[in-house]
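Novice: Shown below is the structure under consideration.
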Amino acid sequence: PGCGKAVRERGKWCESCVTAVWDPRFLDRSCGNHLDGCYALGDYRGPLRKALGDLKFRRKTSSACSFAGLLDRFPLWEDLSDCSLAVPVPLSKERYKKRGYNQTDLIFRKYIRSIGKTYDDLLVRIRNTPSQSGLSRTDREKNIRGVFHIRRGADVSGQHILLLDDVFTTGATMETAAKELKRAGADQVTGLVIASGRS
């Protein structure tokens with residue numbers, strides 16, 4: 001998935017690609033007013049950036065299976081053991097229609113269910129926004145403000161929610177999503193992403 005070399009099993013990573021980007025960690029300064037911090041599996045560069053880009057922008061949905069192996073070797077699941085409900089960051093209807101899928105769903109849904117957690121896309125993006133890519137931190141915060149709403153009838157009262165996304169950049173998207181989840185009664189919201197450029 002990262003370098004294009006042949007491997008014995010579909011979706012497996014060669015060790016050189018994993019070694020180049022693997023850095024499971026709790027992101028420093030990822031705690032916001034509403035987000036209780038975020039974990040990342042690796043660095044958003046090189047083979048991991050390519051694999052995410054293939055899935056997100058080049059419609060290589062077959063590459064989604066390659067992330068299960070990385071999630072399986074993530075060593076910090078114990079830190080997230082009290083998160084029984086996992087919620088993906090949603091796309092707008094317009095972007096979903098154009099892309100045909102939410103890459104976060106393809107990355108996480110099957111794996112999260114396999115480890116016994118509930119996966120529920122109970123967040124809705126109520127308006128389309130320009131891509132966050134290339135925007136400053138301030139512009140990202142303005143761009144994403146107030147775009148999420150919790151699905152009618154969903155109950156998150158008192159829960160510790162695992163909020164899922166593909167990449168953590170400034171944290172503006174996750175912070176806004178966490179704000180809505182807390183408004184709906186969630187006790188804690190902790191993020192998990194595949195990659196980040198932050199330490």
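Simple scheme: letters A, B, ... for chains in structure tokens order, numbers from 1 for residues in each chain, numbers from 1 for ligands in the order shown.
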Please identify the helix (DSSP H, G or I) residues within chain A (assignment by DSSP from backbone atoms) and present them as a ChimeraX atom specification.
Specialist: /A:15-21,46-57,61-72,77-80,93-99,103-114,137-144,172-183
Novice: When you look at Leu123 (chain A) with a cut-off of 9 Å (counting only C-alpha atoms), what residues show up, excluding the ones that are within fewer than 4 positions of it in the same chain? I need them as a list in words.
Specialist: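 Neighbouring residues, sequence-local ones excluded: Val87, Pro88, Val89, Pro90, Phe148, His149, Ile150, Arg151, Ala177, Glu180 and Leu181 of chain A.
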Novice: Per DSSP on the backbone, what are the strand (DSSP E or B) residues of region 18-194 of chain A, as a ChimeraX atom specification?
Specialist: /A:22-26,31,36,38-43,85-88,118-119,123-125,148-150,160-168,188-194
Novice: Enumerate, in order of chain and increasing residue number, the residues of region 53-81 of chain A with an atom no farther than 12 Å from region 23-45 of chain A, each with its shortest atom pair and distance in Å to one decimal, counting only C-alpha atoms, as a Markdown table.
Specialist:
```
| residue | atom | partner | partner_atom | distance |
| --- | --- | --- | --- | --- |
| A:Gly53 | CA | A:Tyr44 | CA | 10.4 |
| A:Phe67 | CA | A:Leu41 | CA | 10.0 |
| A:Ala68 | CA | A:Leu41 | CA | 11.5 |
| A:Gly69 | CA | A:Leu41 | CA | 11.2 |
| A:Leu70 | CA | A:Leu41 | CA | 7.5 |
| A:Leu71 | CA | A:Leu41 | CA | 7.6 |
| A:Asp72 | CA | A:Leu41 | CA | 10.5 |
| A:Arg73 | CA | A:Leu41 | CA | 9.2 |
| A:Phe74 | CA | A:Leu41 | CA | 6.5 |
| A:Pro75 | CA | A:Pro24 | CA | 7.3 |
| A:Leu76 | CA | A:Pro24 | CA | 7.6 |
| A:Trp77 | CA | A:Tyr39 | CA | 9.9 |
| A:Asp79 | CA | A:Tyr39 | CA | 9.7 |
| A:Leu80 | CA | A:Tyr39 | CA | 9.5 |
```
Novice: Export, as a JSON list (two decimals), in the first residue's frame, the selected residues with C-alpha atoms.
Specialist:
```json
[["chain", "number", "residue", "atom", "x", "y", "z"],
["A", 53, "GLY", "CA", -4.27, 9.81, -0.66],
["A", 67, "PHE", "CA", -5.27, -0.06, 7.49],
["A", 68, "ALA", "CA", -6.66, -2.98, 9.50],
["A", 69, "GLY", "CA", -3.17, -4.39, 9.97],
["A", 70, "LEU", "CA", -1.91, -1.07, 11.28],
["A", 71, "LEU", "CA", -4.87, -0.75, 13.65],
["A", 72, "ASP", "CA", -4.18, -4.29, 14.85],
["A", 73, "ARG", "CA", -0.61, -3.44, 15.82],
["A", 74, "PHE", "CA", -1.55, -0.14, 17.51],
["A", 75, "PRO", "CA", -0.17, -0.63, 21.04],
["A", 76, "LEU", "CA", -2.32, 1.91, 22.89],
["A", 77, "TRP", "CA", -5.77, 0.31, 22.68],
["A", 79, "ASP", "CA", -5.80, 3.62, 26.85],
["A", 80, "LEU", "CA", -9.08, 3.60, 24.87]]
```
Novice: Residues within 12 Å of Gly4 (chain A), please, as a compact mmCIF listing (two decimals) with C-alpha atoms, in the first residue's frame. Count only C-alpha atoms; anything in the same chain fewer than 4 positions from it doesn't count.
Specialist:
```
# COMPACT_ATOMS: atom_id res chain seq x y z
CA ARG A 10 -3.20 -8.25 0.02
CA GLY A 11 -3.19 -5.15 2.21
CA LYS A 12 -0.01 -6.03 4.11
CA TRP A 13 2.73 -3.42 4.49
CA CYS A 14 6.39 -4.07 3.90
CA SER A 16 10.47 -0.66 5.44
CA CYS A 17 7.29 1.38 4.86
CA PRO A 47 4.05 5.78 2.31
CA LEU A 48 1.27 6.51 4.81
CA LYS A 50 0.38 8.00 -0.26
CA ALA A 51 -1.90 5.21 0.98
CA ASP A 54 -4.95 6.77 -2.84
CA SER A 63 -6.51 0.02 -0.26
```
Novice: Within 10 Å of region 97-110 of chain A, counting only C-alpha atoms, which residues show up once you throw out same-chain ones fewer than 3 positions away? Write them as a PyMOL selection string, please.
Specialist: chain A and resi 52+55-59+61-68+71+86-94+113-115+117-121+164-167+193-194
